[in-house]
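Text of entry-v7.json, listed as JSON, C-alpha atoms and all ligand atoms:
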[["chain", "number", "residue", "atom", "x", "y", "z"],
["A", 1, "MET", "CA", -27.15, 18.75, -3.58],
["A", 2, "THR", "CA", -29.77, 20.44, -5.81],
["A", 3, "LEU", "CA", -30.68, 18.71, -9.06],
["A", 4, "THR", "CA", -29.07, 21.49, -11.12],
["A", 5, "LEU", "CA", -25.70, 20.72, -9.57],
["A", 6, "LEU", "CA", -25.98, 16.96, -10.11],
["A", 7, "PRO", "CA", -24.74, 16.90, -13.76],
["A", 8, "TRP", "CA", -21.72, 19.03, -12.76],
["A", 9, "PHE", "CA", -20.94, 16.71, -9.87],
["A", 10, "LEU", "CA", -21.22, 13.62, -12.09],
["A", 11, "ALA", "CA", -18.95, 15.26, -14.67],
["A", 12, "TYR", "CA", -16.41, 16.02, -11.91],
["A", 13, "ALA", "CA", -16.55, 12.44, -10.56],
["A", 14, "ILE", "CA", -16.08, 10.96, -14.05],
["A", 15, "ALA", "CA", -13.25, 13.38, -14.88],
["A", 16, "LEU", "CA", -11.52, 12.52, -11.60],
["A", 17, "SER", "CA", -11.84, 8.80, -12.32],
["A", 18, "VAL", "CA", -10.31, 9.29, -15.76],
["A", 19, "ALA", "CA", -7.49, 11.39, -14.27],
["A", 20, "LEU", "CA", -6.79, 8.72, -11.62],
["A", 21, "ALA", "CA", -6.77, 6.09, -14.37],
["A", 22, "LEU", "CA", -4.26, 8.05, -16.44],
["A", 23, "ALA", "CA", -2.06, 9.16, -13.54],
["A", 24, "GLY", "CA", -1.81, 5.85, -11.67],
["A", 25, "HIS", "CA", 0.36, 2.99, -12.78],
["A", 26, "ARG", "CA", -0.90, 0.90, -15.68],
["A", 27, "SER", "CA", 0.56, -2.57, -15.59],
["A", 28, "ARG", "CA", 1.82, -4.46, -18.54],
["A", 29, "PRO", "CA", 0.48, -8.03, -18.70],
["A", 30, "ALA", "CA", 2.05, -10.15, -15.97],
["A", 31, "PRO", "CA", 4.84, -12.51, -17.07],
["A", 32, "ALA", "CA", 3.55, -15.94, -18.08],
["A", 33, "ALA", "CA", 5.10, -17.84, -15.20],
["A", 34, "GLY", "CA", 6.55, -16.32, -12.06],
["A", 35, "GLU", "CA", 9.84, -17.78, -10.94],
["A", 36, "PRO", "CA", 10.15, -18.15, -7.17],
["A", 37, "ARG", "CA", 12.74, -15.86, -5.61],
["A", 38, "PRO", "CA", 15.01, -16.59, -2.68],
["A", 39, "ASP", "CA", 13.23, -15.94, 0.60],
["A", 40, "PRO", "CA", 14.62, -12.83, 2.34],
["A", 41, "ARG", "CA", 15.70, -13.07, 5.97],
["A", 42, "ARG", "CA", 15.53, -9.51, 7.26],
["A", 43, "ILE", "CA", 12.53, -7.37, 6.39],
["A", 44, "LEU", "CA", 11.46, -3.83, 7.22],
["A", 45, "ILE", "CA", 7.78, -3.03, 7.75],
["A", 46, "VAL", "CA", 6.73, 0.59, 7.20],
["A", 47, "GLY", "CA", 3.38, 1.62, 8.67],
["A", 48, "ALA", "CA", 3.86, -1.09, 11.31],
["A", 49, "THR", "CA", 1.48, 0.51, 13.83],
["A", 50, "GLY", "CA", -1.40, 0.64, 11.33],
["A", 51, "GLY", "CA", -4.18, -1.81, 10.52],
["A", 52, "THR", "CA", -2.37, -3.75, 7.80],
["A", 53, "GLY", "CA", 1.06, -3.05, 9.30],
["A", 54, "ARG", "CA", 0.29, -4.75, 12.63],
["A", 55, "ARG", "CA", -0.87, -7.85, 10.81],
["A", 56, "LEU", "CA", 2.25, -7.75, 8.63],
["A", 57, "VAL", "CA", 4.45, -7.65, 11.73],
["A", 58, "ALA", "CA", 2.60, -10.51, 13.46],
["A", 59, "GLN", "CA", 2.48, -12.74, 10.39],
["A", 60, "ALA", "CA", 6.10, -12.00, 9.43],
["A", 61, "LEU", "CA", 7.21, -13.11, 12.90],
["A", 62, "GLU", "CA", 5.08, -16.26, 12.56],
["A", 63, "ARG", "CA", 6.84, -16.99, 9.28],
["A", 64, "GLY", "CA", 10.24, -16.73, 10.97],
["A", 65, "TYR", "CA", 11.57, -13.47, 9.49],
["A", 66, "GLU", "CA", 13.80, -11.07, 11.38],
["A", 67, "VAL", "CA", 11.52, -8.06, 11.44],
["A", 68, "THR", "CA", 12.28, -4.37, 11.80],
["A", 69, "ALA", "CA", 9.19, -2.21, 12.38],
["A", 70, "LEU", "CA", 9.35, 1.49, 11.57],
["A", 71, "ALA", "CA", 7.14, 3.49, 13.93],
["A", 72, "ARG", "CA", 6.74, 7.19, 14.67],
["A", 73, "ASP", "CA", 5.79, 6.17, 18.20],
["A", 74, "PRO", "CA", 7.30, 2.75, 19.07],
["A", 75, "SER", "CA", 5.18, 2.49, 22.24],
["A", 76, "LYS", "CA", 2.09, 2.11, 20.01],
["A", 77, "LEU", "CA", 3.20, -1.28, 18.73],
["A", 78, "GLN", "CA", 2.97, -3.06, 22.10],
["A", 79, "LEU", "CA", 4.59, -6.24, 20.85],
["A", 80, "GLU", "CA", 7.76, -7.92, 22.00],
["A", 81, "ASP", "CA", 9.59, -10.70, 20.24],
["A", 82, "PRO", "CA", 13.27, -11.67, 20.11],
["A", 83, "ARG", "CA", 13.15, -11.34, 16.30],
["A", 84, "LEU", "CA", 11.48, -7.91, 16.35],
["A", 85, "THR", "CA", 13.37, -4.61, 16.35],
["A", 86, "VAL", "CA", 11.39, -1.40, 16.52],
["A", 87, "VAL", "CA", 13.03, 1.69, 15.04],
["A", 88, "ARG", "CA", 11.64, 5.16, 15.63],
["A", 89, "GLY", "CA", 11.26, 6.92, 12.30],
["A", 90, "ASP", "CA", 9.14, 9.08, 10.09],
["A", 91, "VAL", "CA", 9.03, 8.57, 6.32],
["A", 92, "LEU", "CA", 9.06, 12.35, 5.88],
["A", 93, "ASP", "CA", 12.40, 12.52, 7.72],
["A", 94, "PRO", "CA", 14.94, 10.83, 5.40],
["A", 95, "ALA", "CA", 17.66, 10.66, 8.08],
["A", 96, "SER", "CA", 15.40, 8.62, 10.35],
["A", 97, "LEU", "CA", 14.98, 5.98, 7.62],
["A", 98, "GLU", "CA", 18.70, 5.19, 7.32],
["A", 99, "PRO", "CA", 19.05, 2.93, 10.42],
["A", 100, "ALA", "CA", 15.80, 1.15, 9.59],
["A", 101, "VAL", "CA", 16.59, 0.42, 5.94],
["A", 102, "ARG", "CA", 20.28, -0.47, 6.35],
["A", 103, "GLY", "CA", 20.92, -4.22, 6.15],
["A", 104, "GLN", "CA", 17.42, -5.24, 5.08],
["A", 105, "ASP", "CA", 16.64, -7.76, 2.33],
["A", 106, "ALA", "CA", 13.15, -6.39, 1.59],
["A", 107, "VAL", "CA", 10.67, -3.67, 2.57],
["A", 108, "LEU", "CA", 6.92, -4.00, 3.03],
["A", 109, "CYS", "CA", 5.08, -0.68, 3.03],
["A", 110, "ALA", "CA", 1.55, -0.20, 4.41],
["A", 111, "LEU", "CA", 1.70, 3.55, 4.81],
["A", 112, "GLY", "CA", -1.52, 5.50, 5.27],
["A", 113, "HIS", "CA", -2.98, 8.50, 7.12],
["A", 114, "LYS", "CA", -6.21, 10.33, 7.79],
["A", 115, "ARG", "CA", -5.48, 13.85, 6.49],
["A", 116, "PHE", "CA", -8.11, 13.48, 3.81],
["A", 117, "PHE", "CA", -9.34, 17.03, 3.26],
["A", 118, "GLN", "CA", -6.17, 18.86, 2.26],
["A", 119, "PRO", "CA", -3.61, 18.50, -0.53],
["A", 120, "THR", "CA", -0.99, 16.06, 0.69],
["A", 121, "ARG", "CA", 2.22, 14.37, -0.43],
["A", 122, "ILE", "CA", 2.72, 12.16, 2.61],
["A", 123, "LEU", "CA", 2.38, 8.88, 0.69],
["A", 124, "SER", "CA", 4.35, 9.94, -2.37],
["A", 125, "GLN", "CA", 7.05, 11.93, -0.58],
["A", 126, "GLY", "CA", 7.39, 9.30, 2.15],
["A", 127, "THR", "CA", 7.69, 6.51, -0.40],
["A", 128, "ALA", "CA", 10.19, 8.51, -2.48],
["A", 129, "ASN", "CA", 12.32, 8.94, 0.67],
["A", 130, "LEU", "CA", 12.05, 5.22, 1.34],
["A", 131, "LEU", "CA", 13.09, 4.37, -2.22],
["A", 132, "ARG", "CA", 16.10, 6.68, -1.95],
["A", 133, "ALA", "CA", 17.19, 4.94, 1.27],
["A", 134, "MET", "CA", 16.67, 1.52, -0.35],
["A", 135, "ASP", "CA", 18.79, 2.59, -3.30],
["A", 136, "ALA", "CA", 21.55, 3.90, -1.01],
["A", 137, "HIS", "CA", 21.65, 0.63, 0.96],
["A", 138, "ALA", "CA", 21.09, -1.70, -2.01],
["A", 139, "VAL", "CA", 17.85, -3.16, -0.63],
["A", 140, "PRO", "CA", 16.38, -4.94, -3.65],
["A", 141, "ARG", "CA", 12.68, -5.68, -2.96],
["A", 142, "LEU", "CA", 9.64, -3.50, -2.19],
["A", 143, "VAL", "CA", 6.04, -4.63, -1.75],
["A", 144, "CYS", "CA", 3.73, -1.64, -1.27],
["A", 145, "GLU", "CA", 0.03, -1.41, -0.48],
["A", 146, "THR", "CA", -1.98, 1.24, -2.38],
["A", 147, "ALA", "CA", -5.66, 0.77, -3.41],
["A", 148, "LEU", "CA", -8.03, -0.21, -6.17],
["A", 149, "GLY", "CA", -9.46, 2.89, -7.87],
["A", 150, "ILE", "CA", -6.32, 4.16, -9.65],
["A", 151, "GLY", "CA", -4.34, 3.36, -12.79],
["A", 152, "ASP", "CA", -5.75, 0.33, -14.59],
["A", 153, "ALA", "CA", -7.90, -0.35, -11.50],
["A", 154, "ALA", "CA", -9.76, 3.00, -11.75],
["A", 155, "GLY", "CA", -13.49, 2.57, -11.07],
["A", 156, "ARG", "CA", -13.00, -0.90, -9.60],
["A", 157, "MET", "CA", -14.04, 0.11, -6.08],
["A", 158, "GLY", "CA", -17.65, 0.17, -7.23],
["A", 159, "LEU", "CA", -20.15, 2.96, -7.89],
["A", 160, "TYR", "CA", -20.34, 4.15, -4.26],
["A", 161, "TYR", "CA", -16.59, 4.82, -4.12],
["A", 162, "THR", "CA", -16.33, 6.12, -7.70],
["A", 163, "PHE", "CA", -19.22, 8.58, -7.34],
["A", 164, "PHE", "CA", -19.09, 9.47, -3.65],
["A", 165, "VAL", "CA", -16.19, 8.39, -1.43],
["A", 166, "ILE", "CA", -13.30, 9.15, -3.80],
["A", 167, "PRO", "CA", -14.57, 12.44, -5.32],
["A", 168, "VAL", "CA", -16.00, 13.84, -2.05],
["A", 169, "ILE", "CA", -13.75, 12.51, 0.72],
["A", 170, "LEU", "CA", -10.57, 11.15, -0.84],
["A", 171, "PRO", "CA", -9.63, 13.13, -3.98],
["A", 172, "PHE", "CA", -6.37, 14.50, -2.53],
["A", 173, "TYR", "CA", -5.53, 11.17, -0.91],
["A", 174, "PHE", "CA", -6.06, 9.18, -4.11],
["A", 175, "TRP", "CA", -4.21, 11.74, -6.20],
["A", 176, "ASP", "CA", -1.24, 11.31, -3.88],
["A", 177, "LYS", "CA", -1.54, 7.53, -4.30],
["A", 178, "THR", "CA", -1.11, 7.96, -8.08],
["A", 179, "ARG", "CA", 2.13, 9.89, -7.41],
["A", 180, "GLN", "CA", 3.20, 7.20, -4.94],
["A", 181, "GLU", "CA", 2.66, 4.47, -7.55],
["A", 182, "ARG", "CA", 4.56, 6.42, -10.19],
["A", 183, "ALA", "CA", 7.53, 6.93, -7.85],
["A", 184, "ILE", "CA", 7.62, 3.17, -7.25],
["A", 185, "ALA", "CA", 7.20, 2.26, -10.93],
["A", 186, "GLU", "CA", 10.03, 4.63, -11.90],
["A", 187, "SER", "CA", 12.39, 3.21, -9.28],
["A", 188, "GLY", "CA", 15.10, 0.64, -9.81],
["A", 189, "VAL", "CA", 13.95, -1.78, -7.09],
["A", 190, "ASP", "CA", 12.09, -5.05, -7.66],
["A", 191, "TRP", "CA", 8.65, -3.77, -6.76],
["A", 192, "THR", "CA", 5.14, -5.09, -6.47],
["A", 193, "ILE", "CA", 2.18, -2.80, -5.81],
["A", 194, "VAL", "CA", -0.72, -4.48, -4.01],
["A", 195, "ARG", "CA", -4.08, -2.71, -4.50],
["A", 196, "PRO", "CA", -6.74, -3.93, -2.09],
["A", 197, "ALA", "CA", -10.50, -3.46, -2.23],
["A", 198, "VAL", "CA", -12.08, -1.87, 0.86],
["A", 199, "LEU", "CA", -10.26, -3.15, 3.96],
["A", 200, "THR", "CA", -11.88, -4.89, 6.91],
["A", 201, "ASN", "CA", -10.57, -6.11, 10.24],
["A", 202, "GLY", "CA", -11.93, -9.60, 9.61],
["A", 203, "GLU", "CA", -10.10, -12.85, 10.16],
["A", 204, "LYS", "CA", -7.55, -14.28, 7.75],
["A", 205, "ARG", "CA", -9.48, -16.61, 5.45],
["A", 206, "GLY", "CA", -6.44, -17.71, 3.50],
["A", 207, "THR", "CA", -8.16, -17.25, 0.15],
["A", 208, "ILE", "CA", -7.82, -14.08, -1.87],
["A", 209, "ARG", "CA", -8.67, -13.22, -5.46],
["A", 210, "HIS", "CA", -5.97, -11.28, -7.25],
["A", 211, "GLY", "CA", -5.29, -9.70, -10.63],
["A", 212, "GLN", "CA", -7.76, -7.40, -12.42],
["A", 213, "VAL", "CA", -10.24, -7.77, -9.58],
["A", 214, "GLY", "CA", -12.85, -5.40, -8.16],
["A", 215, "SER", "CA", -16.21, -4.39, -9.52],
["A", 216, "PHE", "CA", -17.36, -1.26, -11.36],
["A", 217, "LEU", "CA", -20.75, -1.69, -9.67],
["A", 218, "LEU", "CA", -20.31, -3.19, -6.19],
["A", 219, "THR", "CA", -17.87, -2.34, -3.41],
["A", 220, "LEU", "CA", -15.87, -5.47, -2.65],
["A", 221, "ARG", "CA", -13.94, -6.05, 0.56],
["A", 222, "VAL", "CA", -10.89, -7.89, 1.78],
["A", 223, "SER", "CA", -9.48, -8.33, 5.28],
["A", 224, "ARG", "CA", -6.24, -6.61, 6.26],
["A", 225, "ALA", "CA", -5.09, -10.01, 7.51],
["A", 226, "ASP", "CA", -5.48, -11.56, 4.04],
["A", 227, "VAL", "CA", -3.79, -8.56, 2.40],
["A", 228, "ALA", "CA", -0.85, -8.90, 4.81],
["A", 229, "ALA", "CA", -0.53, -12.61, 3.98],
["A", 230, "PHE", "CA", -0.63, -11.84, 0.24],
["A", 231, "MET", "CA", 2.03, -9.12, 0.62],
["A", 232, "LEU", "CA", 4.30, -11.52, 2.53],
["A", 233, "ASP", "CA", 3.76, -14.21, -0.14],
["A", 234, "GLN", "CA", 5.18, -11.77, -2.71],
["A", 235, "LEU", "CA", 8.57, -11.83, -0.98],
["A", 236, "ARG", "CA", 9.15, -15.35, -2.31],
["A", 237, "SER", "CA", 7.55, -14.83, -5.71],
["A", 238, "ASN", "CA", 8.27, -13.01, -8.93],
["A", 239, "GLU", "CA", 4.73, -13.56, -10.23],
["A", 240, "HIS", "CA", 3.76, -9.90, -9.81],
["A", 241, "LEU", "CA", 7.19, -8.38, -10.25],
["A", 242, "ARG", "CA", 6.96, -4.77, -11.49],
["A", 243, "THR", "CA", 3.19, -4.90, -11.70],
["A", 244, "ALA", "CA", 0.28, -3.54, -9.69],
["A", 245, "VAL", "CA", -2.01, -6.35, -8.62],
["A", 246, "GLY", "CA", -5.53, -5.90, -7.29],
["A", 247, "VAL", "CA", -6.72, -8.05, -4.39],
["A", 248, "CYS", "CA", -10.17, -8.72, -2.94],
["A", 249, "GLY", "CA", -11.84, -11.32, -0.74],
["B", 1, "LIG", "N1", -9.33, 1.69, 4.44],
["B", 1, "LIG", "C1", -9.59, 1.08, 3.31],
["B", 1, "LIG", "O1", -10.71, 0.58, 3.06],
["B", 1, "LIG", "C2", -8.51, 0.93, 2.28],
["B", 1, "LIG", "C3", -8.80, 0.31, 1.06],
["B", 1, "LIG", "C4", -7.77, 0.12, 0.14],
["B", 1, "LIG", "C5", -6.50, 0.59, 0.42],
["B", 1, "LIG", "N2", -6.25, 1.22, 1.60],
["B", 1, "LIG", "C6", -4.89, 1.68, 1.86],
["B", 1, "LIG", "O2", -4.16, 0.69, 2.54],
["B", 1, "LIG", "C7", -3.09, 1.33, 3.27],
["B", 1, "LIG", "C8", -3.08, 0.80, 4.70],
["B", 1, "LIG", "O3", -4.32, 1.13, 5.30],
["B", 1, "LIG", "P1", -4.57, 0.73, 6.85],
["B", 1, "LIG", "O4", -5.94, 1.27, 7.17],
["B", 1, "LIG", "O5", -4.30, -0.71, 7.05],
["B", 1, "LIG", "O6", -3.43, 1.55, 7.56],
["B", 1, "LIG", "P2", -3.55, 2.67, 8.72],
["B", 1, "LIG", "O7", -4.24, 2.04, 9.90],
["B", 1, "LIG", "O8", -4.10, 3.94, 8.16],
["B", 1, "LIG", "O9", -2.00, 2.83, 9.12],
["B", 1, "LIG", "C9", -1.16, 3.68, 8.43],
["B", 1, "LIG", "C10", 0.23, 3.53, 8.99],
["B", 1, "LIG", "O10", 1.09, 4.51, 8.35],
["B", 1, "LIG", "C11", 1.85, 5.13, 9.39],
["B", 1, "LIG", "N3", 2.31, 6.47, 9.02],
["B", 1, "LIG", "C12", 1.56, 7.54, 8.65],
["B", 1, "LIG", "N4", 2.36, 8.60, 8.42],
["B", 1, "LIG", "C13", 3.61, 8.19, 8.66],
["B", 1, "LIG", "C14", 4.88, 8.82, 8.61],
["B", 1, "LIG", "N5", 4.99, 10.12, 8.25],
["B", 1, "LIG", "N6", 6.00, 8.11, 8.90],
["B", 1, "LIG", "C15", 5.89, 6.80, 9.26],
["B", 1, "LIG", "N7", 4.73, 6.14, 9.35],
["B", 1, "LIG", "C16", 3.60, 6.83, 9.05],
["B", 1, "LIG", "C17", 0.91, 5.19, 10.57],
["B", 1, "LIG", "O11", 1.65, 5.46, 11.74],
["B", 1, "LIG", "P3", 0.97, 6.14, 13.06],
["B", 1, "LIG", "O12", 0.42, 4.97, 13.85],
["B", 1, "LIG", "O13", 2.14, 6.80, 13.72],
["B", 1, "LIG", "O14", -0.07, 7.09, 12.58],
["B", 1, "LIG", "C18", 0.34, 3.78, 10.51],
["B", 1, "LIG", "O15", 1.26, 2.87, 11.06],
["B", 1, "LIG", "C19", -3.34, 2.82, 3.17],
["B", 1, "LIG", "O16", -2.50, 3.38, 2.19],
["B", 1, "LIG", "C20", -4.79, 2.90, 2.74],
["B", 1, "LIG", "O17", -5.08, 4.06, 1.99],
["B", 1, "LIG", "C21", -7.22, 1.40, 2.54]]
How does the structure come out when it is put into C-alpha cells?
Ligand SMILES: NC(=O)c1ccc[n+]([C@@H]2O[C@H](COP(=O)([O-])OP(=O)(O)OC[C@H]3O[C@@H](n4cnc5c(N)ncnc54)[C@H](OP(=O)(O)O)[C@@H]3O)[C@@H](O)[C@H]2O)c1
Amino acid sequence: MTLTLLPWFLAYAIALSVALALAGHRSRPAPAAGEPRPDPRRILIVGATGGTGRRLVAQALERGYEVTALARDPSKLQLEDPRLTVVRGDVLDPASLEPAVRGQDAVLCALGHKRFFQPTRILSQGTANLLRAMDAHAVPRLVCETALGIGDAAGRMGLYYTFFVIPVILPFYFWDKTRQERAIAESGVDWTIVRPAVLTNGEKRGTIRHGQVGSFLLTLRVSRADVAAFMLDQLRSNEHLRTAVGVCG
C-alpha cells in the first residue's frame, strides 16, 4: 500500500470498527448474582463438525447429556456413542432443522464458515432459521458463539485484527456476525452470546477469563476446548443470561 493510501485505509478501518460497535449487540450490565438454572437433559449442537463444535459434542457426552449433532455431512463427525444422535441438516434449509430441534431442552451454536471474501448472510440467516425452529418447538435456551470485535467488544481483538484482519479479510463475515447477534438479542429465547478471542486448538486448561475481556493492543487467544467448556457451563447458569460475554485464555 502506498503511503498516500494509508490515511484512507486507517479511516476505513476505524469507521468499520465504529460500525461494528454500533451494529453488534451492546450488553446491559450483567445481573448482580446469577441464579443457577435446571440442567437440561437433551441438547442440540449446531456446527458439530467444526473446531469448537467437535469439542462441544465430546465434552457434552462426557457430562452425560443426550446429544443431537446437526451436520451437513454426518460422516464427517466420526464419533459413535449411545447418547449421540446425528441429524443431517443445513441451517439455511429450515425444514431440515425441524427434526433436530424438536424435543430439545437447549441449543449450542458454533456455526462458522470460510466464505470470507463475499457478502454473506450464512450466520445471520442460519441463526434466524434456528431461532424460528426453537420458537416453534418451545426450546427455551440458546448459547451461541460469535467473536470479540463487535458490539461492546469492538476493537478488543487487538490492533492486528482491528487494523488488518477484520477490515481486509473479514469485513463481510464480521458484519454478518453483527446481524446474527441482533437476531439473537431480539428473540424470545433465554440466550447467551459467547464472544471468544482468537481460537486455538490447544488443550483445555480449565481456566478462562470472561466479561469485558480482550485487549485493544494485543491479540489474545483462547482454546476451542475451553470455549466449549464455558458454553456448556452456561446451560446450568443464568449469570450471563441475555448478555454477550467475552472470553479469553
Ligand atoms: N477462528 C478464530 O480465531 C475465531 C475467533 C473468534 C470467534 N470465532 C468464531 O467461532 C465460531 C466457531 O469457529 P470454529 O473455527 O470453531 O468453527 P469451524 O471449524 O469454522 O466450524 C463451523 C461449523 O459450522 C458448520 N456450518 C457451516 N455452514 C453450515 C450450514 N449452512 N448448516 C449447518 N452447519 C454449517 C460447519 O459444517 P461443515 O463441517 O459442514 O462445514 C462446521 O461444523 C465461528 O463463528 C468463528 O467465526 C473464530
field: Within 9 Å of file point (0.8, 1.1, -17.8), counting only C-alpha atoms, expressed as a PyMOL selection string
entry: chain A and resi 22+24-28+151-152+243
Write a file of the just-selected residues containing C-alpha atoms, as a compact mmCIF listing (two decimals), keeping the file's coordinate frame.
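Saved as selection_8.txt:
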# COMPACT_ATOMS: atom_id res chain seq x y z
CA LEU A 22 -4.26 8.05 -16.44
CA GLY A 24 -1.81 5.85 -11.67
CA HIS A 25 0.36 2.99 -12.78
CA ARG A 26 -0.90 0.90 -15.68
CA SER A 27 0.56 -2.57 -15.59
CA ARG A 28 1.82 -4.46 -18.54
CA GLY A 151 -4.34 3.36 -12.79
CA ASP A 152 -5.75 0.33 -14.59
CA THR A 243 3.19 -4.90 -11.70
task: Excluding Ala133 (chain A) and any residue of its chain fewer than 2 positions from it, enumerate the residues within 8 Å of it, using all atoms listed in the file, and give them as a VMD selection string.
output: chain A and resid 94 97 to 98 101 129 to 131 135 to 137
field: Ser215 (chain A) environment, 8 Å, only C-alpha atoms, sequence neighbours closer than 5 positions dropped, as a ChimeraX atom specification
entry: /A:155-158,220
task: Just the residues within 12 Å of Phe216 (chain A), please, counting all atoms listed in the file, with nothing from its chain fewer than 2 positions along; format it as a ChimeraX atom specification.
output: /A:17,148-149,153-163,197,212-214,218-220
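CA of Leu170 (chain A) to CA of Pro74 (chain A) spans 28.0 Å [interatomic distance, one decimal].
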task: For each of A:Ile208, A:Val227, A:Ile150, A:Ala110, take the minimum atom-to-atom distance to ligand LIG 1 (chain B), counting only C-alpha atoms and all ligand atoms, then give the residue where this is smallest.
output: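 Among the listed residues, the smallest separation from ligand LIG 1 (chain B) belongs to A:Ala110.
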- prompt: Quick one: distance from CA of Leu123 (chain A) to CA of Leu61 (chain A) in Å, one decimal?
  reply: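 CA of Leu61 (chain A) lies 25.6 Å from CA of Leu123 (chain A).
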field: CA of Pro99 (chain A) to atom O6 of ligand LIG 1 (chain B), distance in Å rounded to a single decimal
entry: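 About the pair CA of Pro99 (chain A) and atom O6 of ligand LIG 1 (chain B): they are 22.7 Å apart.
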Can you pull out the residues contacting Glu62 (chain A)? Cut-off 12 Å, using all atoms listed in the file, and skip same-chain residues under 3 positions away; I want them as a PDB file with C-alpha atoms, in the frame of the given file.
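The new file result.pdb reads:
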ATOM      1  CA  ARG A  55      -0.870  -7.850  10.810  1.00  0.00           C
ATOM      2  CA  LEU A  56       2.250  -7.750   8.630  1.00  0.00           C
ATOM      3  CA  VAL A  57       4.450  -7.650  11.730  1.00  0.00           C
ATOM      4  CA  ALA A  58       2.600 -10.510  13.460  1.00  0.00           C
ATOM      5  CA  GLN A  59       2.480 -12.740  10.390  1.00  0.00           C
ATOM      6  CA  TYR A  65      11.570 -13.470   9.490  1.00  0.00           C
ATOM      7  CA  GLU A  66      13.800 -11.070  11.380  1.00  0.00           C
ATOM      8  CA  VAL A  67      11.520  -8.060  11.440  1.00  0.00           C
ATOM      9  CA  ASP A  81       9.590 -10.700  20.240  1.00  0.00           C
ATOM     10  CA  ARG A  83      13.150 -11.340  16.300  1.00  0.00           C
ATOM     11  CA  LEU A  84      11.480  -7.910  16.350  1.00  0.00           C
ATOM     12  CA  ALA A 229      -0.530 -12.610   3.980  1.00  0.00           C
ATOM     13  CA  LEU A 232       4.300 -11.520   2.530  1.00  0.00           C
TER      14      LEU A 232
END
Would you name the residues within 6 Å of ligand LIG 1 (chain B), counting all atoms listed in the file, and put them as a PDB file with C-alpha atoms, in the coordinates of the input?
ATOM      1  CA  GLY A  47       3.380   1.620   8.670  1.00  0.00           C
ATOM      2  CA  ALA A  48       3.860  -1.090  11.310  1.00  0.00           C
ATOM      3  CA  THR A  49       1.480   0.510  13.830  1.00  0.00           C
ATOM      4  CA  GLY A  50      -1.400   0.640  11.330  1.00  0.00           C
ATOM      5  CA  GLY A  51      -4.180  -1.810  10.520  1.00  0.00           C
ATOM      6  CA  THR A  52      -2.370  -3.750   7.800  1.00  0.00           C
ATOM      7  CA  ALA A  71       7.140   3.490  13.930  1.00  0.00           C
ATOM      8  CA  ARG A  72       6.740   7.190  14.670  1.00  0.00           C
ATOM      9  CA  ASP A  73       5.790   6.170  18.200  1.00  0.00           C
ATOM     10  CA  ASP A  90       9.140   9.080  10.090  1.00  0.00           C
ATOM     11  CA  VAL A  91       9.030   8.570   6.320  1.00  0.00           C
ATOM     12  CA  LEU A  92       9.060  12.350   5.880  1.00  0.00           C
ATOM     13  CA  ALA A 110       1.550  -0.200   4.410  1.00  0.00           C
ATOM     14  CA  LEU A 111       1.700   3.550   4.810  1.00  0.00           C
ATOM     15  CA  GLY A 112      -1.520   5.500   5.270  1.00  0.00           C
ATOM     16  CA  HIS A 113      -2.980   8.500   7.120  1.00  0.00           C
ATOM     17  CA  GLU A 145       0.030  -1.410  -0.480  1.00  0.00           C
ATOM     18  CA  THR A 146      -1.980   1.240  -2.380  1.00  0.00           C
ATOM     19  CA  ALA A 147      -5.660   0.770  -3.410  1.00  0.00           C
ATOM     20  CA  PRO A 196      -6.740  -3.930  -2.090  1.00  0.00           C
ATOM     21  CA  ALA A 197     -10.500  -3.460  -2.230  1.00  0.00           C
ATOM     22  CA  VAL A 198     -12.080  -1.870   0.860  1.00  0.00           C
ATOM     23  CA  LEU A 199     -10.260  -3.150   3.960  1.00  0.00           C
TER      24      LEU A 199
END
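Restricting the calculation to all atoms listed in the file, the smallest distance between Phe172 (chain A) and any of A:Gly188, A:Pro119, A:Gly211, A:Gly249 is found for A:Pro119.
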Residue with smallest distance to Val189 (chain A) - pool A:Asp226, A:Met134, A:Ser75, A:Ile166, counting all atoms listed in the file: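 Between A:Asp226, A:Met134, A:Ser75, A:Ile166, the residue approaching Val189 (chain A) most closely is A:Met134.
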message: Residues near Ser223 (chain A), anyone? I mean within 6 Å using all atoms listed in the file, not counting same-chain ones fewer than 4 positions away, as JSON, numbers by chain.
response: {"A": [199, 200, 201, 202]}
query: Which protein, DNA or RNA residues are at most 8 Å from (4.4, 0.1, -10.4) in the file's coordinates when you count all atoms listed in the file, listed as a ChimeraX atom specification?
result: /A:25-27,181-186,191-193,242-244
task: Would you mind telling me which residue in A:Ile122, A:Leu70, A:Leu10, A:Leu44 lies nearest to Arg141 (chain A) when using all atoms listed in the file?
output: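 The answer is A:Leu44, which sits nearest to Arg141 (chain A).
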Hey, could you pull the box centre and edge lengths for region 1-8 of chain A, axis-aligned, 5 Å padding per side, all listed atoms, to one decimal in Å, as lines of an AutoDock Vina configuration file?
center_x = -26.2
center_y = 19.2
center_z = -8.7
size_x = 19.0
size_y = 14.6
size_z = 20.2
